[in-house]
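Visitor: Before I ask anything, here is the structure I am working with.
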Amino acid sequence: MNQVEGLVIREAAGEDFIQIRPLIVKRAEELKLSGGCVSDINKLVRDYCSKPSKFYCLVCELDTKIIGYVIYTFGFCVHEGRSISMDEFYVVPDYREAAQLLLFKKIVEITHNFGHLRLAWLSSKNSLEMHEFWVKHGTTVHSEDQGYLQYRLAKYTIQERHCLSSN
């Protein structure tokens, strides 16, 4: 993996959505989804900064430019307990090799540190590149529905593969 010096992963701030929203639209366009349905910046900031927050967000930053983000929420599954649902995950193409795994490891670390038993998300079947990335890093396809694959990373994989090793 190519390393990029100065790459920082941190919690987003409200003002970051000026850079995050265009990335959300770009992701939708790349996956051939409707970009017109993306919330405006004011709604994103209002929901993110509300108490309690409606969602959480990490950004991957190089210098002052945001090159990736992950949006997630906390949830509960009656069968498995506390979980995190990853709603959006994106890194701009030029930095995917360097930043994608770092951003993924950070959300896995958060899942582990909060004692959650599962990380789950949907991904468009239009993204073979992301499917290969998810599977390579220990996730399983749980189900398939209407053009989306549901991925899961269970407690065992989180602990053994991501939190106790140096992968």
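How things are named: the first chain in the structure tokens is A, the next is B, and so on; residues count from 1 in each chain; ligands count from 1 in the order shown.
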Can you tell me which residues surround region 118-124 of chain A at a distance of at most 9 Å, considering only C-alpha atoms, apart from same-chain residues fewer than 4 positions away, and format the answer as a PDB file with N, CA and C atoms, in the first residue's frame?

Guide:
```pdb
ATOM      1  N   LEU A  31     -21.527   5.600  -8.599  1.00  0.00           N
ATOM      2  CA  LEU A  31     -22.309   4.371  -8.461  1.00  0.00           C
ATOM      3  C   LEU A  31     -23.592   4.384  -9.281  1.00  0.00           C
ATOM      4  N   LEU A  33     -26.121   6.306  -8.900  1.00  0.00           N
ATOM      5  CA  LEU A  33     -27.268   6.524  -8.027  1.00  0.00           C
ATOM      6  C   LEU A  33     -27.740   7.952  -8.234  1.00  0.00           C
ATOM      7  N   CYS A  77     -29.260  -4.739  17.439  1.00  0.00           N
ATOM      8  CA  CYS A  77     -29.849  -5.921  16.804  1.00  0.00           C
ATOM      9  C   CYS A  77     -30.285  -6.857  17.924  1.00  0.00           C
ATOM     10  N   GLU A  80     -27.943  -9.893  18.115  1.00  0.00           N
ATOM     11  CA  GLU A  80     -26.505  -9.759  18.339  1.00  0.00           C
ATOM     12  C   GLU A  80     -26.120  -8.620  19.279  1.00  0.00           C
ATOM     13  N   GLY A  81     -27.032  -7.756  19.607  1.00  0.00           N
ATOM     14  CA  GLY A  81     -26.721  -6.650  20.506  1.00  0.00           C
ATOM     15  C   GLY A  81     -26.341  -5.379  19.759  1.00  0.00           C
ATOM     16  N   ARG A  82     -25.528  -4.566  20.420  1.00  0.00           N
ATOM     17  CA  ARG A  82     -25.148  -3.266  19.860  1.00  0.00           C
ATOM     18  C   ARG A  82     -24.362  -3.427  18.565  1.00  0.00           C
ATOM     19  N   SER A  83     -24.625  -2.495  17.654  1.00  0.00           N
ATOM     20  CA  SER A  83     -23.949  -2.552  16.362  1.00  0.00           C
ATOM     21  C   SER A  83     -23.744  -1.144  15.825  1.00  0.00           C
ATOM     22  N   ILE A  84     -22.932  -1.053  14.807  1.00  0.00           N
ATOM     23  CA  ILE A  84     -22.757   0.200  14.072  1.00  0.00           C
ATOM     24  C   ILE A  84     -23.182  -0.062  12.641  1.00  0.00           C
ATOM     25  N   SER A  85     -23.961   0.863  12.115  1.00  0.00           N
ATOM     26  CA  SER A  85     -24.377   0.809  10.720  1.00  0.00           C
ATOM     27  C   SER A  85     -23.593   1.870   9.958  1.00  0.00           C
ATOM     28  N   MET A  86     -22.825   1.436   8.979  1.00  0.00           N
ATOM     29  CA  MET A  86     -22.038   2.350   8.165  1.00  0.00           C
ATOM     30  C   MET A  86     -22.913   2.751   6.978  1.00  0.00           C
ATOM     31  N   ASP A  87     -23.303   4.015   6.930  1.00  0.00           N
ATOM     32  CA  ASP A  87     -24.233   4.467   5.906  1.00  0.00           C
ATOM     33  C   ASP A  87     -23.543   4.945   4.636  1.00  0.00           C
ATOM     34  N   GLU A  88     -22.381   5.530   4.771  1.00  0.00           N
ATOM     35  CA  GLU A  88     -21.628   6.032   3.621  1.00  0.00           C
ATOM     36  C   GLU A  88     -20.152   5.790   3.875  1.00  0.00           C
ATOM     37  N   ILE A 107     -13.093   2.894  11.591  1.00  0.00           N
ATOM     38  CA  ILE A 107     -14.480   2.600  11.945  1.00  0.00           C
ATOM     39  C   ILE A 107     -14.560   1.227  12.620  1.00  0.00           C
ATOM     40  N   VAL A 108     -13.712   0.292  12.220  1.00  0.00           N
ATOM     41  CA  VAL A 108     -13.664  -1.009  12.892  1.00  0.00           C
ATOM     42  C   VAL A 108     -13.173  -0.820  14.332  1.00  0.00           C
ATOM     43  N   THR A 111     -15.956   0.515  16.411  1.00  0.00           N
ATOM     44  CA  THR A 111     -16.898  -0.570  16.695  1.00  0.00           C
ATOM     45  C   THR A 111     -16.379  -1.417  17.856  1.00  0.00           C
ATOM     46  N   HIS A 112     -15.131  -1.779  17.796  1.00  0.00           N
ATOM     47  CA  HIS A 112     -14.508  -2.598  18.838  1.00  0.00           C
ATOM     48  C   HIS A 112     -14.444  -1.865  20.180  1.00  0.00           C
ATOM     49  N   LEU A 128     -17.760  -3.092  -8.050  1.00  0.00           N
ATOM     50  CA  LEU A 128     -16.956  -4.301  -7.920  1.00  0.00           C
ATOM     51  C   LEU A 128     -15.684  -4.013  -7.127  1.00  0.00           C
ATOM     52  N   MET A 130     -15.234  -1.929  -4.632  1.00  0.00           N
ATOM     53  CA  MET A 130     -15.514  -1.925  -3.192  1.00  0.00           C
ATOM     54  C   MET A 130     -15.847  -3.328  -2.703  1.00  0.00           C
ATOM     55  N   HIS A 131     -16.562  -4.107  -3.506  1.00  0.00           N
ATOM     56  CA  HIS A 131     -16.862  -5.483  -3.111  1.00  0.00           C
ATOM     57  C   HIS A 131     -15.562  -6.253  -2.856  1.00  0.00           C
ATOM     58  N   GLY A 147     -30.301  -4.636  -5.948  1.00  0.00           N
ATOM     59  CA  GLY A 147     -29.099  -3.969  -6.415  1.00  0.00           C
ATOM     60  C   GLY A 147     -28.079  -3.641  -5.338  1.00  0.00           C
ATOM     61  N   TYR A 148     -28.336  -4.089  -4.115  1.00  0.00           N
ATOM     62  CA  TYR A 148     -27.412  -3.824  -3.012  1.00  0.00           C
ATOM     63  C   TYR A 148     -26.995  -5.126  -2.351  1.00  0.00           C
ATOM     64  N   LEU A 149     -25.766  -5.122  -1.841  1.00  0.00           N
ATOM     65  CA  LEU A 149     -25.266  -6.231  -1.042  1.00  0.00           C
ATOM     66  C   LEU A 149     -25.163  -5.745   0.393  1.00  0.00           C
ATOM     67  N   GLN A 150     -25.606  -6.557   1.336  1.00  0.00           N
ATOM     68  CA  GLN A 150     -25.456  -6.204   2.743  1.00  0.00           C
ATOM     69  C   GLN A 150     -24.232  -6.931   3.278  1.00  0.00           C
ATOM     70  N   TYR A 151     -23.288  -6.149   3.800  1.00  0.00           N
ATOM     71  CA  TYR A 151     -22.046  -6.694   4.340  1.00  0.00           C
ATOM     72  C   TYR A 151     -22.088  -6.648   5.856  1.00  0.00           C
ATOM     73  N   ARG A 152     -21.362  -7.577   6.468  1.00  0.00           N
ATOM     74  CA  ARG A 152     -21.235  -7.602   7.925  1.00  0.00           C
ATOM     75  C   ARG A 152     -19.811  -7.974   8.310  1.00  0.00           C
ATOM     76  N   LEU A 153     -19.396  -7.372   9.382  1.00  0.00           N
ATOM     77  CA  LEU A 153     -18.142  -7.731  10.015  1.00  0.00           C
ATOM     78  C   LEU A 153     -18.514  -8.050  11.448  1.00  0.00           C
ATOM     79  N   ALA A 154     -18.380  -9.311  11.840  1.00  0.00           N
ATOM     80  CA  ALA A 154     -18.820  -9.765  13.152  1.00  0.00           C
ATOM     81  C   ALA A 154     -17.719  -9.594  14.193  1.00  0.00           C
ATOM     82  N   LYS A 155     -18.112  -9.746  15.455  1.00  0.00           N
ATOM     83  CA  LYS A 155     -17.221  -9.541  16.589  1.00  0.00           C
ATOM     84  C   LYS A 155     -15.922 -10.325  16.458  1.00  0.00           C
ATOM     85  N   ILE A 158     -13.708  -8.751  13.842  1.00  0.00           N
ATOM     86  CA  ILE A 158     -13.244  -7.446  14.317  1.00  0.00           C
ATOM     87  C   ILE A 158     -12.074  -7.645  15.275  1.00  0.00           C
TER      88      ILE A 158
END
```

Visitor: Can you pull out the residues contacting Gly6 (chain A)? Cut-off 9 Å, using only C-alpha atoms, and skip same-chain residues under 2 positions away; I want them as a compact mmCIF listing (two decimals) with N, CA, C and O atoms, in the first residue's frame.

Guide:
```
# COMPACT_ATOMS: atom_id res chain seq x y z
N VAL A 4 0.84 7.90 2.32
CA VAL A 4 0.81 9.32 2.04
C VAL A 4 1.07 10.04 3.35
O VAL A 4 0.31 9.88 4.31
N VAL A 8 -4.63 12.30 7.78
CA VAL A 8 -5.21 12.35 9.12
C VAL A 8 -6.65 11.86 9.05
O VAL A 8 -7.40 12.25 8.15
N GLU A 61 -8.31 13.33 5.86
CA GLU A 61 -7.87 14.65 5.42
C GLU A 61 -6.39 14.63 5.05
O GLU A 61 -5.58 13.97 5.71
N LEU A 62 -6.06 15.33 4.00
CA LEU A 62 -4.69 15.53 3.59
C LEU A 62 -4.47 17.03 3.51
O LEU A 62 -5.12 17.71 2.72
N ASP A 63 -3.59 17.52 4.37
CA ASP A 63 -3.45 18.96 4.59
C ASP A 63 -4.80 19.46 5.09
O ASP A 63 -5.27 19.01 6.10
```

Visitor: Residues within 9 Å of Gln100 (chain A), please, as a PyMOL selection string. Count only C-alpha atoms; anything in the same chain fewer than 3 positions from it doesn't count.

Guide: chain A and resi 60+68+89-91+95-97+103-105+133

Visitor: Would you save the residues of that selection, restricted to C-alpha atoms, as a PDB file, in the first residue's frame?

Guide:
```pdb
ATOM      1  CA  CYS A  60      -9.837  11.473   5.985  1.00  0.00           C
ATOM      2  CA  GLY A  68     -12.693  10.671   2.205  1.00  0.00           C
ATOM      3  CA  PHE A  89     -17.983   5.219   2.922  1.00  0.00           C
ATOM      4  CA  TYR A  90     -15.987   7.023   0.264  1.00  0.00           C
ATOM      5  CA  VAL A  91     -12.420   7.958  -0.639  1.00  0.00           C
ATOM      6  CA  TYR A  95      -6.128   8.351  -2.711  1.00  0.00           C
ATOM      7  CA  ARG A  96      -8.006   5.054  -2.375  1.00  0.00           C
ATOM      8  CA  GLU A  97      -4.916   2.888  -2.193  1.00  0.00           C
ATOM      9  CA  LEU A 103     -10.465   4.854   7.191  1.00  0.00           C
ATOM     10  CA  PHE A 104     -11.990   1.370   7.338  1.00  0.00           C
ATOM     11  CA  LYS A 105      -9.696   0.346  10.206  1.00  0.00           C
ATOM     12  CA  PHE A 133     -12.040  -4.449  -0.890  1.00  0.00           C
TER      13      PHE A 133
END
```

Visitor: Counting only C-alpha atoms, which residue out of A:Asn126, A:Thr64, A:Ser53, A:Asn42 sits closest to Arg10 (chain A)?

Guide: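 When distances to Arg10 (chain A) are compared using only C-alpha atoms, the smallest one comes from A:Thr64.
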
Visitor: Identify, on the basis of only C-alpha atoms, every residue whose closest approach to Leu58 (chain A) does not exceed 7 Å; exclude the query and any residue fewer than 6 positions from it along the same chain; express the result as a PyMOL selection string.

Guide: chain A and resi 9-12+69-71

Visitor: Would you output that residue set with all heavy atoms, as a short mmCIF file (atom, residue, chain, number, x, y, z; two decimals), in the first residue's frame?

Guide:
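Generated output (result-v2.cif):
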```
data_model
loop_
_atom_site.label_atom_id
_atom_site.label_comp_id
_atom_site.auth_asym_id
_atom_site.auth_seq_id
_atom_site.Cartn_x
_atom_site.Cartn_y
_atom_site.Cartn_z
N ILE A 9 -7.02 11.00 10.01
CA ILE A 9 -8.42 10.59 10.14
C ILE A 9 -8.92 11.17 11.45
O ILE A 9 -8.29 10.98 12.49
CB ILE A 9 -8.56 9.06 10.09
CG1 ILE A 9 -8.09 8.59 8.72
CG2 ILE A 9 -10.01 8.65 10.38
CD1 ILE A 9 -8.13 7.12 8.50
N ARG A 10 -10.03 11.89 11.39
CA ARG A 10 -10.55 12.58 12.57
C ARG A 10 -12.06 12.68 12.50
O ARG A 10 -12.66 12.45 11.44
CB ARG A 10 -9.93 13.97 12.69
CG ARG A 10 -10.28 14.88 11.51
CD ARG A 10 -9.85 16.31 11.73
NE ARG A 10 -10.08 17.14 10.57
CZ ARG A 10 -11.25 17.67 10.23
NH1 ARG A 10 -12.33 17.45 10.95
NH2 ARG A 10 -11.37 18.43 9.15
N GLU A 11 -12.67 13.04 13.63
CA GLU A 11 -14.10 13.31 13.64
C GLU A 11 -14.36 14.57 12.83
O GLU A 11 -13.58 15.53 12.87
CB GLU A 11 -14.61 13.52 15.06
CG GLU A 11 -14.65 12.25 15.87
CD GLU A 11 -15.27 12.48 17.24
OE1 GLU A 11 -16.21 13.29 17.36
OE2 GLU A 11 -14.78 11.85 18.18
N ALA A 12 -15.45 14.56 12.10
CA ALA A 12 -15.81 15.73 11.30
C ALA A 12 -16.27 16.86 12.21
O ALA A 12 -16.75 16.64 13.32
CB ALA A 12 -16.92 15.36 10.32
N TYR A 69 -14.55 10.06 3.62
CA TYR A 69 -15.41 10.17 4.78
C TYR A 69 -16.11 8.85 5.03
O TYR A 69 -16.23 8.01 4.14
CB TYR A 69 -16.45 11.29 4.60
CG TYR A 69 -17.46 10.96 3.53
CD1 TYR A 69 -18.65 10.31 3.84
CD2 TYR A 69 -17.20 11.25 2.18
CE1 TYR A 69 -19.56 9.97 2.85
CE2 TYR A 69 -18.10 10.92 1.20
CZ TYR A 69 -19.28 10.28 1.53
OH TYR A 69 -20.17 9.93 0.56
N VAL A 70 -16.56 8.68 6.25
CA VAL A 70 -17.46 7.58 6.60
C VAL A 70 -18.55 8.16 7.48
O VAL A 70 -18.26 8.93 8.41
CB VAL A 70 -16.74 6.38 7.28
CG1 VAL A 70 -16.04 6.78 8.55
CG2 VAL A 70 -17.69 5.24 7.53
N ILE A 71 -19.79 7.87 7.15
CA ILE A 71 -20.95 8.30 7.95
C ILE A 71 -21.55 7.05 8.56
O ILE A 71 -21.75 6.05 7.87
CB ILE A 71 -21.98 9.05 7.08
CG1 ILE A 71 -21.37 10.39 6.61
CG2 ILE A 71 -23.29 9.27 7.84
CD1 ILE A 71 -22.24 11.18 5.66
#
```

Visitor: Per DSSP on the backbone, what are the alpha helix (DSSP H) residues of region 1-150 of chain A, as a compact mmCIF listing (two decimals) with C-alpha atoms, in the first residue's frame?

Guide:
```
# COMPACT_ATOMS: atom_id res chain seq x y z
CA PHE A 17 -19.72 19.43 5.29
CA ILE A 18 -18.84 22.13 2.76
CA GLN A 19 -16.27 19.60 1.49
CA ILE A 20 -18.12 16.39 2.43
CA ARG A 21 -21.37 17.06 0.56
CA PRO A 22 -19.69 17.29 -2.89
CA LEU A 23 -17.99 13.95 -2.12
CA ILE A 24 -21.38 12.42 -1.27
CA VAL A 25 -22.69 13.61 -4.65
CA LYS A 26 -19.54 12.34 -6.43
CA ARG A 27 -19.97 8.90 -4.82
CA ALA A 28 -23.61 8.77 -5.94
CA GLU A 29 -22.58 9.67 -9.49
CA GLU A 30 -19.82 7.03 -9.56
CA ILE A 41 -25.43 21.32 3.59
CA ASN A 42 -27.66 23.04 6.15
CA LYS A 43 -29.60 19.84 6.86
CA LEU A 44 -26.43 17.76 7.08
CA VAL A 45 -24.87 20.20 9.55
CA ARG A 46 -28.10 20.53 11.58
CA ASP A 47 -28.51 16.74 11.89
CA TYR A 48 -24.82 16.16 12.62
CA CYS A 49 -24.54 18.92 15.23
CA ARG A 96 -8.01 5.05 -2.38
CA GLU A 97 -4.92 2.89 -2.19
CA ALA A 98 -3.40 5.00 0.58
CA ALA A 99 -6.47 6.03 2.58
CA GLN A 100 -9.28 3.52 2.19
CA LEU A 101 -7.89 0.86 4.54
CA LEU A 102 -6.94 3.46 7.17
CA LEU A 103 -10.46 4.85 7.19
CA PHE A 104 -11.99 1.37 7.34
CA LYS A 105 -9.70 0.35 10.21
CA LYS A 106 -10.77 3.45 12.14
CA ILE A 107 -14.48 2.60 11.95
CA VAL A 108 -13.66 -1.01 12.89
CA GLU A 109 -11.65 0.29 15.86
CA ILE A 110 -14.59 2.46 16.96
CA THR A 111 -16.90 -0.57 16.70
CA HIS A 112 -14.51 -2.60 18.84
CA ASN A 113 -13.81 0.13 21.42
CA LEU A 128 -16.96 -4.30 -7.92
CA GLU A 129 -13.88 -2.46 -6.59
CA MET A 130 -15.51 -1.92 -3.19
CA HIS A 131 -16.86 -5.48 -3.11
CA GLU A 132 -13.33 -6.81 -3.60
CA PHE A 133 -12.04 -4.45 -0.89
CA TRP A 134 -14.69 -5.52 1.64
CA VAL A 135 -14.18 -9.24 1.06
CA LYS A 136 -10.38 -8.91 1.13
```

Visitor: Using DSSP secondary structure from the backbone, list all strand (DSSP E or B) positions within region 2-150 of chain A, as a VMD selection string.

Guide: chain A and resid 7 to 11 56 to 62 65 to 77 81 to 91 118 to 124 140 to 145 148 to 150

Visitor: Using only C-alpha atoms, which of A:Thr73, A:His79, A:Thr157, A:Glu144 sits nearest Phe55 (chain A)?

Guide: A:Thr73

Visitor: What is the distance between CA of Lys54 (chain A) and CA of Ala13 (chain A), in Å to one decimal?

Guide: 14.0 Å

Visitor: Can you work out the spacing between CA of Lys65 (chain A) and CA of Pro52 (chain A) in Å, to one decimal?

Guide: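 The value is 27.3 Å.
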